[in-house]
file data14.cif (mmCIF, C-alpha atoms)
data_upload
loop_
_atom_site.label_atom_id
_atom_site.label_comp_id
_atom_site.auth_asym_id
_atom_site.auth_seq_id
_atom_site.Cartn_x
_atom_site.Cartn_y
_atom_site.Cartn_z
CA MET A 757 0.00 0.00 0.00
CA VAL A 758 1.27 3.48 -0.89
CA SER A 759 1.36 5.79 2.12
CA HIS A 760 -0.39 9.14 1.73
CA ARG A 761 1.27 10.59 4.83
CA TYR A 762 3.46 13.13 3.06
CA LEU A 763 1.40 13.76 -0.04
CA ARG A 764 -0.28 17.15 -0.25
CA VAL A 765 -3.39 18.47 -1.95
CA ASP A 766 -3.48 22.15 -2.89
CA LEU A 767 -6.68 23.35 -1.27
CA GLN A 768 -5.96 27.07 -1.68
CA SER A 769 -6.63 26.86 -5.41
CA LEU A 770 -10.20 25.77 -4.64
CA LEU A 771 -11.09 28.95 -2.73
CA GLU A 772 -13.89 30.98 -4.29
CA VAL A 773 -14.36 34.06 -2.09
CA LYS A 774 -12.08 37.01 -2.81
CA ARG A 775 -10.28 38.32 0.25
CA LYS A 776 -10.80 41.92 -0.89
CA ASP A 777 -14.58 41.46 -0.90
CA TYR A 778 -14.29 40.44 2.74
CA SER A 779 -11.92 43.25 3.80
CA ASP A 780 -14.09 45.88 2.11
CA LEU A 781 -17.01 44.85 4.32
CA PHE A 782 -15.74 43.63 7.66
CA SER A 783 -13.47 44.57 10.50
CA THR A 784 -12.70 42.89 13.82
CA VAL A 785 -12.08 43.86 17.42
CA GLU A 786 -8.81 42.53 18.81
CA HIS A 787 -9.16 40.85 22.19
CA GLU A 788 -7.65 38.33 24.61
CA ILE A 789 -10.90 36.62 25.63
CA ALA A 790 -10.50 32.85 26.01
CA CYS A 791 -13.58 30.63 26.00
CA GLY A 792 -13.88 26.95 26.80
CA GLN A 793 -11.20 24.46 27.74
CA VAL A 794 -12.65 21.10 26.65
CA PRO A 795 -13.76 21.61 23.95
CA PRO A 796 -11.67 24.70 23.12
CA ALA A 797 -13.12 27.66 21.23
CA SER A 798 -11.62 30.54 19.29
CA VAL A 799 -13.65 33.76 19.26
CA ARG A 800 -13.76 36.33 16.47
CA LEU A 801 -15.53 39.63 17.14
CA HIS A 802 -16.59 40.79 13.69
CA PHE A 803 -18.63 43.78 12.62
CA VAL A 804 -19.71 45.34 9.36
CA ARG A 805 -17.62 48.45 8.71
CA HIS A 806 -19.60 51.64 9.18
CA ASP A 807 -18.78 55.06 7.77
CA ALA A 808 -17.98 58.21 9.74
CA GLY A 809 -21.68 59.02 9.95
CA GLY A 810 -22.46 55.65 11.48
CA LEU A 811 -24.11 54.16 8.41
CA VAL A 812 -23.87 50.35 8.42
CA PRO A 813 -24.09 49.43 4.70
CA LEU A 814 -26.34 46.37 4.75
CA ASP A 815 -27.11 46.90 1.06
CA LYS A 816 -23.43 46.47 0.20
CA LEU A 817 -23.21 43.35 2.38
CA VAL A 818 -26.30 41.84 0.75
CA ASP A 819 -25.14 42.69 -2.79
CA THR A 820 -21.75 41.09 -2.16
CA LEU A 821 -23.24 37.92 -0.69
CA ILE A 822 -25.71 37.53 -3.54
CA SER A 823 -22.88 37.90 -6.06
CA TYR A 824 -21.61 34.56 -4.69
CA ILE A 825 -24.84 32.55 -4.86
CA THR A 826 -23.79 30.47 -7.88
CA HIS A 827 -20.47 29.69 -6.14
CA PHE A 828 -22.39 28.70 -3.03
CA CYS A 829 -24.92 26.55 -4.87
CA PHE A 830 -23.00 24.91 -7.70
CA THR A 831 -19.69 23.09 -8.15
CA SER A 832 -16.84 24.66 -10.08
CA GLU A 833 -17.42 22.10 -12.86
CA ARG A 834 -21.02 23.25 -13.20
CA ARG A 835 -19.90 26.88 -13.56
CA ALA A 836 -16.89 26.33 -15.83
CA ASP A 837 -16.83 27.75 -19.36
CA LEU A 838 -20.36 29.12 -19.27
CA SER A 839 -21.57 31.55 -21.90
CA GLU A 840 -23.19 34.77 -20.74
CA GLN A 841 -26.57 33.14 -21.25
CA GLY A 842 -25.37 30.11 -19.28
CA ARG A 843 -24.23 32.33 -16.39
CA ASN A 844 -27.62 34.06 -16.34
CA ARG A 845 -29.38 30.72 -16.34
CA ALA A 846 -27.17 29.45 -13.49
CA TYR A 847 -28.01 32.57 -11.47
CA LEU A 848 -31.74 32.01 -11.98
CA GLU A 849 -31.38 28.35 -11.00
CA ALA A 850 -29.49 29.35 -7.86
CA LYS A 851 -32.18 31.88 -6.92
CA ARG A 852 -34.82 29.14 -7.07
CA LEU A 853 -32.92 27.14 -4.45
CA PHE A 854 -33.41 29.91 -1.87
CA ARG A 855 -36.58 29.94 0.19
CA ASP A 856 -38.85 32.95 -0.01
CA ASN A 857 -39.61 32.77 3.69
CA PRO A 858 -39.21 35.63 6.20
CA ASN A 859 -37.69 33.24 8.75
CA THR A 860 -35.26 31.46 6.44
CA GLY A 861 -31.78 30.75 7.74
CA GLN A 862 -30.24 30.70 4.26
CA PRO A 863 -28.82 34.26 4.36
CA GLY A 864 -26.80 33.13 7.40
CA GLU A 865 -25.67 29.98 5.59
CA LEU A 866 -24.34 32.04 2.70
CA LEU A 867 -22.69 34.45 5.12
CA VAL A 868 -20.88 31.75 7.11
CA TYR A 869 -19.66 30.20 3.82
CA PHE A 870 -18.29 33.63 2.85
CA LEU A 871 -16.49 34.08 6.19
CA ILE A 872 -15.01 30.56 6.34
CA GLU A 873 -13.54 30.89 2.86
CA ALA A 874 -12.27 34.45 3.31
CA VAL A 875 -10.99 34.29 6.90
CA LEU A 876 -10.10 30.65 7.51
CA GLN A 877 -9.05 30.03 3.90
CA ALA A 878 -10.95 26.75 3.87
CA PRO A 879 -12.74 25.85 0.62
CA GLN A 880 -16.23 24.41 0.70
CA VAL A 881 -16.31 20.74 -0.31
CA LEU A 882 -19.96 19.95 0.33
CA LYS A 883 -22.49 22.38 -1.07
CA LYS A 884 -25.66 22.04 0.96
CA MET A 885 -27.88 23.42 -1.80
CA LEU A 886 -26.97 20.53 -4.12
CA ILE A 887 -28.35 17.95 -1.70
CA THR A 888 -31.47 19.90 -0.77
CA THR A 889 -34.28 18.10 -2.56
CA ASN A 890 -37.21 20.28 -1.48
CA PRO A 891 -36.69 24.08 -1.53
CA ASN A 892 -39.80 24.53 0.62
CA PHE A 893 -37.97 23.01 3.59
CA GLU A 894 -34.52 23.70 5.00
CA ARG A 895 -32.32 20.62 5.02
CA ASN A 896 -31.16 19.17 8.35
CA GLY A 897 -27.45 18.83 9.05
CA SER A 898 -24.57 21.27 8.88
CA ASP A 899 -24.68 24.41 6.75
CA GLY A 900 -21.82 23.13 4.59
CA VAL A 901 -18.50 21.31 4.93
CA HIS A 902 -15.08 22.88 4.38
CA VAL A 903 -11.51 21.58 4.70
CA ARG A 904 -8.09 23.13 5.27
CA TRP A 905 -4.55 22.17 6.21
CA THR A 906 -3.13 23.46 9.51
CA ALA A 907 0.03 22.83 11.56
CA ASN A 908 2.20 23.50 8.50
CA GLY A 909 0.26 21.00 6.47
CA GLU A 910 0.47 18.19 9.01
CA LEU A 911 -3.17 18.31 10.14
CA LEU A 912 -6.35 18.26 8.05
CA GLU A 913 -9.33 20.09 9.54
CA VAL A 914 -12.80 19.02 8.46
CA ILE A 915 -15.03 22.01 9.17
CA PHE A 916 -18.77 21.78 9.70
CA ALA A 917 -20.52 25.14 9.31
CA GLU A 918 -23.36 26.40 11.48
CA ALA A 919 -25.12 29.77 11.24
CA LYS A 920 -27.80 31.26 13.45
CA LEU A 921 -29.28 34.73 13.01
CA HIS A 922 -31.66 35.80 15.78
CA ASN A 923 -32.81 39.06 17.27
CA ASP A 924 -31.72 37.79 20.69
CA PHE A 925 -28.10 36.75 21.19
CA ALA A 926 -28.77 34.13 23.86
CA ALA A 927 -31.46 32.52 21.69
CA ALA A 928 -29.10 32.36 18.72
CA LEU A 929 -26.36 30.74 20.79
CA LYS A 930 -28.72 28.20 22.37
CA SER A 931 -30.20 27.33 18.98
CA ALA A 932 -26.73 26.81 17.50
CA PHE A 933 -25.68 24.38 20.23
CA LYS A 934 -28.94 22.45 19.90
CA SER A 935 -28.35 22.09 16.15
CA MET A 936 -24.75 20.99 16.66
CA THR A 937 -25.74 18.50 19.35
CA ASP A 938 -28.43 16.99 17.12
CA PHE A 939 -25.95 16.82 14.23
CA HIS A 940 -23.33 14.88 16.19
CA ASN A 941 -25.89 12.63 17.90
CA SER A 942 -27.32 11.45 14.58
CA ALA A 943 -26.04 9.69 11.48
CA THR A 944 -26.08 12.97 9.54
CA LYS A 945 -22.39 13.73 10.05
CA GLY A 946 -21.34 10.41 8.54
CA LEU A 947 -23.59 10.96 5.55
CA GLU A 948 -22.17 14.42 4.91
CA ILE A 949 -18.59 13.12 5.11
CA ASN A 950 -19.52 10.39 2.63
CA TYR A 951 -21.09 12.99 0.30
CA PHE A 952 -18.04 15.21 0.13
CA LEU A 953 -15.51 12.37 -0.18
CA ASN A 954 -17.40 11.23 -3.27
CA ALA A 955 -18.06 14.66 -4.77
CA PHE A 956 -14.88 16.67 -4.25
CA SER A 957 -14.51 19.15 -7.13
CA PHE A 958 -11.58 19.20 -9.53
CA LEU A 959 -9.40 16.62 -7.76
CA THR A 960 -7.66 13.69 -9.33
CA GLN A 961 -8.27 10.22 -7.91
CA GLU A 962 -4.86 10.33 -6.23
CA GLN A 963 -5.73 13.65 -4.55
CA ARG A 964 -9.07 12.25 -3.38
CA ASP A 965 -7.25 9.27 -1.94
CA VAL A 966 -5.02 11.62 0.07
CA ILE A 967 -7.98 13.47 1.59
CA THR A 968 -9.78 10.19 2.29
CA SER A 969 -6.71 8.80 4.04
CA TYR A 970 -6.92 11.66 6.57
CA VAL A 971 -10.69 11.56 7.04
CA GLU A 972 -11.19 7.83 7.41
CA GLY A 973 -7.94 6.06 6.52
CA GLU A 974 -4.39 5.51 7.74
CA ASN A 975 -3.84 9.19 8.59
CA LYS A 976 -7.05 9.65 10.59
CA GLY A 977 -4.98 10.53 13.67
CA GLU A 978 -4.01 13.76 11.87
CA CYS A 979 -7.59 14.84 11.15
CA GLN A 980 -9.44 17.28 13.42
CA GLU A 981 -13.20 17.89 13.33
CA VAL A 982 -14.04 21.57 13.73
CA HIS A 983 -17.37 23.34 14.06
CA VAL A 984 -17.35 26.92 12.80
CA CYS A 985 -20.35 28.80 14.09
CA LEU A 986 -21.66 32.22 13.05
CA ILE A 987 -23.85 33.94 15.62
CA GLY A 988 -25.61 37.00 14.22
CA TYR A 989 -27.82 39.04 16.54
CA THR A 990 -29.54 42.40 16.87
CA TRP A 991 -27.31 44.52 19.10
CA GLU A 992 -29.26 47.00 21.16
CA GLU A 993 -26.23 49.30 21.39
CA TYR A 994 -26.78 50.21 17.73
CA GLY A 995 -29.88 52.05 18.92
CA HIS A 996 -27.53 54.90 19.94
CA LEU A 997 -27.13 55.72 16.24
CA LYS A 998 -30.58 57.34 16.42
CA THR A 999 -29.97 59.36 19.58
CA ALA A 1000 -27.86 62.26 20.79
CA GLU A 1001 -25.37 59.61 21.96
CA LYS A 1002 -24.46 58.77 18.35
CA GLU A 1003 -21.03 60.43 18.22
CA LYS A 1004 -20.05 59.05 21.62
CA PHE A 1005 -21.15 55.58 20.57
CA LEU A 1006 -19.13 55.67 17.35
CA THR A 1007 -16.04 56.84 19.23
CA GLU A 1008 -16.42 54.08 21.80
CA PHE A 1009 -17.68 51.39 19.43
CA GLU A 1010 -14.86 48.86 19.80
CA LYS A 1011 -14.61 49.46 23.54
CA ARG A 1012 -18.35 48.83 23.96
CA TYR A 1013 -18.25 45.74 21.75
CA LEU A 1014 -15.39 44.33 23.82
CA ALA A 1015 -17.23 45.09 27.06
CA TRP A 1016 -20.30 43.28 25.73
CA ALA A 1017 -18.18 40.27 24.76
CA SER A 1018 -16.62 40.05 28.21
CA ALA A 1019 -19.81 40.58 30.21
CA GLU A 1020 -22.47 38.92 28.01
CA MET A 1021 -20.92 36.65 25.41
CA LYS A 1022 -18.18 34.89 27.38
CA PRO A 1023 -20.24 33.54 30.32
CA LYS A 1024 -23.01 32.30 28.03
CA LEU A 1025 -20.58 30.65 25.61
CA ASP A 1026 -18.58 29.07 28.47
CA ALA A 1027 -21.78 27.59 29.89
CA GLU A 1028 -22.81 26.10 26.54
CA LEU A 1029 -19.34 24.66 25.93
CA ALA A 1030 -19.21 23.13 29.41
CA ALA A 1031 -22.51 21.33 28.79
CA PHE A 1032 -21.55 20.11 25.30
CA THR A 1033 -20.81 16.40 25.31
CA HIS A 1034 -18.65 16.07 22.17
CA SER A 1035 -15.31 17.12 23.63
CA HIS A 1036 -13.29 15.88 20.63
CA LEU A 1037 -14.39 18.92 18.64
CA LYS A 1038 -12.67 22.23 18.15
CA PHE A 1039 -14.77 25.41 17.81
CA GLU A 1040 -14.37 28.66 15.88
CA PHE A 1041 -17.01 31.32 16.60
CA PHE A 1042 -17.77 34.37 14.48
CA PHE A 1043 -19.90 36.90 16.36
CA LEU A 1044 -21.60 39.54 14.25
CA PRO A 1045 -23.87 42.31 15.60
CA PHE A 1046 -26.57 43.77 13.35
CA VAL A 1047 -28.58 46.95 13.64
CA SER A 1048 -31.47 44.59 12.90
CA VAL A 1049 -31.27 40.93 11.94
CA GLU A 1050 -34.78 41.17 10.51
CA ASN A 1051 -33.81 44.10 8.29
CA PHE A 1052 -30.82 42.12 6.98
CA ARG A 1053 -32.96 39.07 6.20
CA THR A 1054 -35.72 41.17 4.61
CA LEU A 1055 -33.26 43.10 2.44
CA PHE A 1056 -31.56 39.87 1.38
CA LEU A 1057 -34.85 38.32 0.23
CA ALA A 1058 -36.00 41.51 -1.50
CA THR A 1059 -32.70 41.91 -3.37
CA LEU A 1060 -32.56 38.25 -4.35
#

call {"tool": "encode", "arguments": {"input": "data14.cif", "output": "structure tokens"}}
result
Amino acid sequence: MVSHRYLRVDLQSLLEVKRKDYSDLFSTVEHEIACGQVPPASVRLHFVRHDAGGLVPLDKLVDTLISYITHFCFTSERRADLSEQGRNRAYLEAKRLFRDNPNTGQPGELLVYFLIEAVLQAPQVLKKMLITTNPNFERNGSDGVHVRWTANGELLEVIFAEAKLHNDFAAALKSAFKSMTDFHNSATKGLEINYFLNAFSFLTQEQRDVITSYVEGENKGECQEVHVCLIGYTWEEYGHLKTAEKEKFLTEFEKRYLAWASAEMKPKLDAELAAFTHSHLKFEFFFLPFVSVENFRTLFLATL
């Protein structure tokens, strides 16, 4: 048997999201907050860049996300060498896969895909939309599967995506952990791994064999399962943009965000992690405050 231990697959070439599209939209608050011990969790405090007047450009965010819907829905083979008419047809087909429902979670699914590719540099290898058979219902399971090399190429991370957008932060966090618990307590995870191992885009058989050797073969000891979770929520602090406190709020924005993370986010996340039974996992959390989650979802559906 040929060992795959030191063979490498170039995953960077499979990335679809442009880093500049991300950096034009988002910024982060630097911090030293540590959450969870077993399982461990990394925390990223994101926010949509606002201008000097405090405007948070949701229209720009929505337009950018929608420009990636064919990437999100279809494989690179499906999109390759399309005529202009073919690209238009693919866009219309992708639109039909999205639910016209005011409570849909699909804007969050597209957003977490965007962030995982741009920030973690992990290409998506299982496109949820392709295995959704009824667009009237949202499919159970993760919100997509991504992979990346870490530890200088010695460790393969298999990343399961989860996105929750709620008006209330605590409700979003609780809902995310319930979804992740259900996912790991069922056979769904195994099915999704099987799907992506048999449908990996643009890889030779030898390259597929390498990935498979890490996921379920002789190199399985160098494969880490990771859950990347986006928590989007309506942040009441944004209400200051409509009061006399506006200028003070903008000046203190990052300080206030950090204070919220220390006082509100950390204890709630620590409690959820402590109660989570699948300690073999590693977590990456993206936290993203909105002026209004409902406005974001409504604008997304209207624009689409």

call {"tool": "atom_distance", "arguments": {"input": "data14.cif", "atom1": "CA of Phe1056 in chain A", "atom2": "CA of Leu871 in chain A"}}
result
16.8 Å

call {"tool": "resolve_selection", "arguments": {"input": "data14.cif", "expression": "the PyMOL selection byres ((chain A and resi 808) around 12)", "output": "ChimeraX atom specification"}}
result
/A:805-807,809-813,997,1002-1003,1005-1007,1009

call {"tool": "closest_residue", "arguments": {"input": "data14.cif", "among": "A:Thr820, A:Thr937, A:His983, A:Thr784", "to": "Gly900 in chain A", "atoms": "only C-alpha atoms"}}
result
A:His983

call {"tool": "atom_distance", "arguments": {"input": "data14.cif", "atom1": "CA of Tyr847 in chain A", "atom2": "CA of Ile825 in chain A"}}
result
7.3 Å

call {"tool": "residues_around", "arguments": {"input": "data14.cif", "residues": "Leu801 in chain A", "least_positions_apart": "6", "cutoff": "7 Å", "atoms": "only C-alpha atoms", "output": "PyMOL selection string"}}
result
chain A and resi 784-785+1042-1044

call {"tool": "write_last_selection", "arguments": {"input": "data14.cif", "atoms": "C-alpha atoms", "output": "short mmCIF file (atom, residue, chain, number, x, y, z; two decimals), in the coordinates of the input"}}
result
data_model
loop_
_atom_site.label_atom_id
_atom_site.label_comp_id
_atom_site.auth_asym_id
_atom_site.auth_seq_id
_atom_site.Cartn_x
_atom_site.Cartn_y
_atom_site.Cartn_z
CA THR A 784 -12.70 42.89 13.82
CA VAL A 785 -12.08 43.86 17.42
CA PHE A 1042 -17.77 34.37 14.48
CA PHE A 1043 -19.90 36.90 16.36
CA LEU A 1044 -21.60 39.54 14.25
#

call {"tool": "resolve_selection", "arguments": {"input": "data14.cif", "expression": "the PyMOL selection byres ((chain A and resi 880) around 9)", "output": "mmCIF file with C-alpha atoms, keeping the file's coordinate frame"}}
result
data_model
loop_
_atom_site.group_PDB
_atom_site.id
_atom_site.type_symbol
_atom_site.label_atom_id
_atom_site.label_comp_id
_atom_site.auth_asym_id
_atom_site.auth_seq_id
_atom_site.Cartn_x
_atom_site.Cartn_y
_atom_site.Cartn_z
ATOM 1 C CA LEU A 770 -10.200 25.770 -4.640
ATOM 2 C CA LEU A 771 -11.090 28.950 -2.730
ATOM 3 C CA GLU A 772 -13.890 30.980 -4.290
ATOM 4 C CA PHE A 828 -22.390 28.700 -3.030
ATOM 5 C CA TYR A 869 -19.660 30.200 3.820
ATOM 6 C CA ILE A 872 -15.010 30.560 6.340
ATOM 7 C CA GLU A 873 -13.540 30.890 2.860
ATOM 8 C CA ALA A 878 -10.950 26.750 3.870
ATOM 9 C CA PRO A 879 -12.740 25.850 0.620
ATOM 10 C CA VAL A 881 -16.310 20.740 -0.310
ATOM 11 C CA LEU A 882 -19.960 19.950 0.330
ATOM 12 C CA LYS A 883 -22.490 22.380 -1.070
ATOM 13 C CA GLY A 900 -21.820 23.130 4.590
ATOM 14 C CA VAL A 901 -18.500 21.310 4.930
ATOM 15 C CA HIS A 902 -15.080 22.880 4.380
ATOM 16 C CA VAL A 903 -11.510 21.580 4.700
ATOM 17 C CA ILE A 915 -15.030 22.010 9.170
#

call {"tool": "closest_residue", "arguments": {"input": "data14.cif", "among": "A:Gly861, A:Ala850, A:Glu910, A:Ile822", "to": "Arg835 in chain A", "atoms": "only C-alpha atoms"}}
result
A:Ala850

call {"tool": "atom_distance", "arguments": {"input": "data14.cif", "atom1": "CA of Asp819 in chain A", "atom2": "CA of Thr860 in chain A"}}
result
17.7 Å

call {"tool": "closest_residue", "arguments": {"input": "data14.cif", "among": "A:Val818, A:Ala919, A:Ala797, A:Glu1050", "to": "Met936 in chain A", "atoms": "all atoms listed in the file"}}
result
A:Ala919

call {"tool": "closest_residue", "arguments": {"input": "data14.cif", "among": "A:Arg852, A:Lys1024, A:Arg843, A:Arg904", "to": "Lys930 in chain A", "atoms": "all atoms listed in the file"}}
result
A:Lys1024

call {"tool": "resolve_selection", "arguments": {"input": "data14.cif", "expression": "the PyMOL selection byres ((chain A and resi 992) around 9)", "output": "JSON, numbers by chain"}}
result
{"A": [990, 991, 993, 994, 995, 996, 1046, 1047, 1048]}

call {"tool": "closest_residue", "arguments": {"input": "data14.cif", "among": "A:Phe933, A:Leu1029, A:Leu1037, A:Gln768", "to": "Gln877 in chain A", "atoms": "all atoms listed in the file"}}
result
A:Gln768
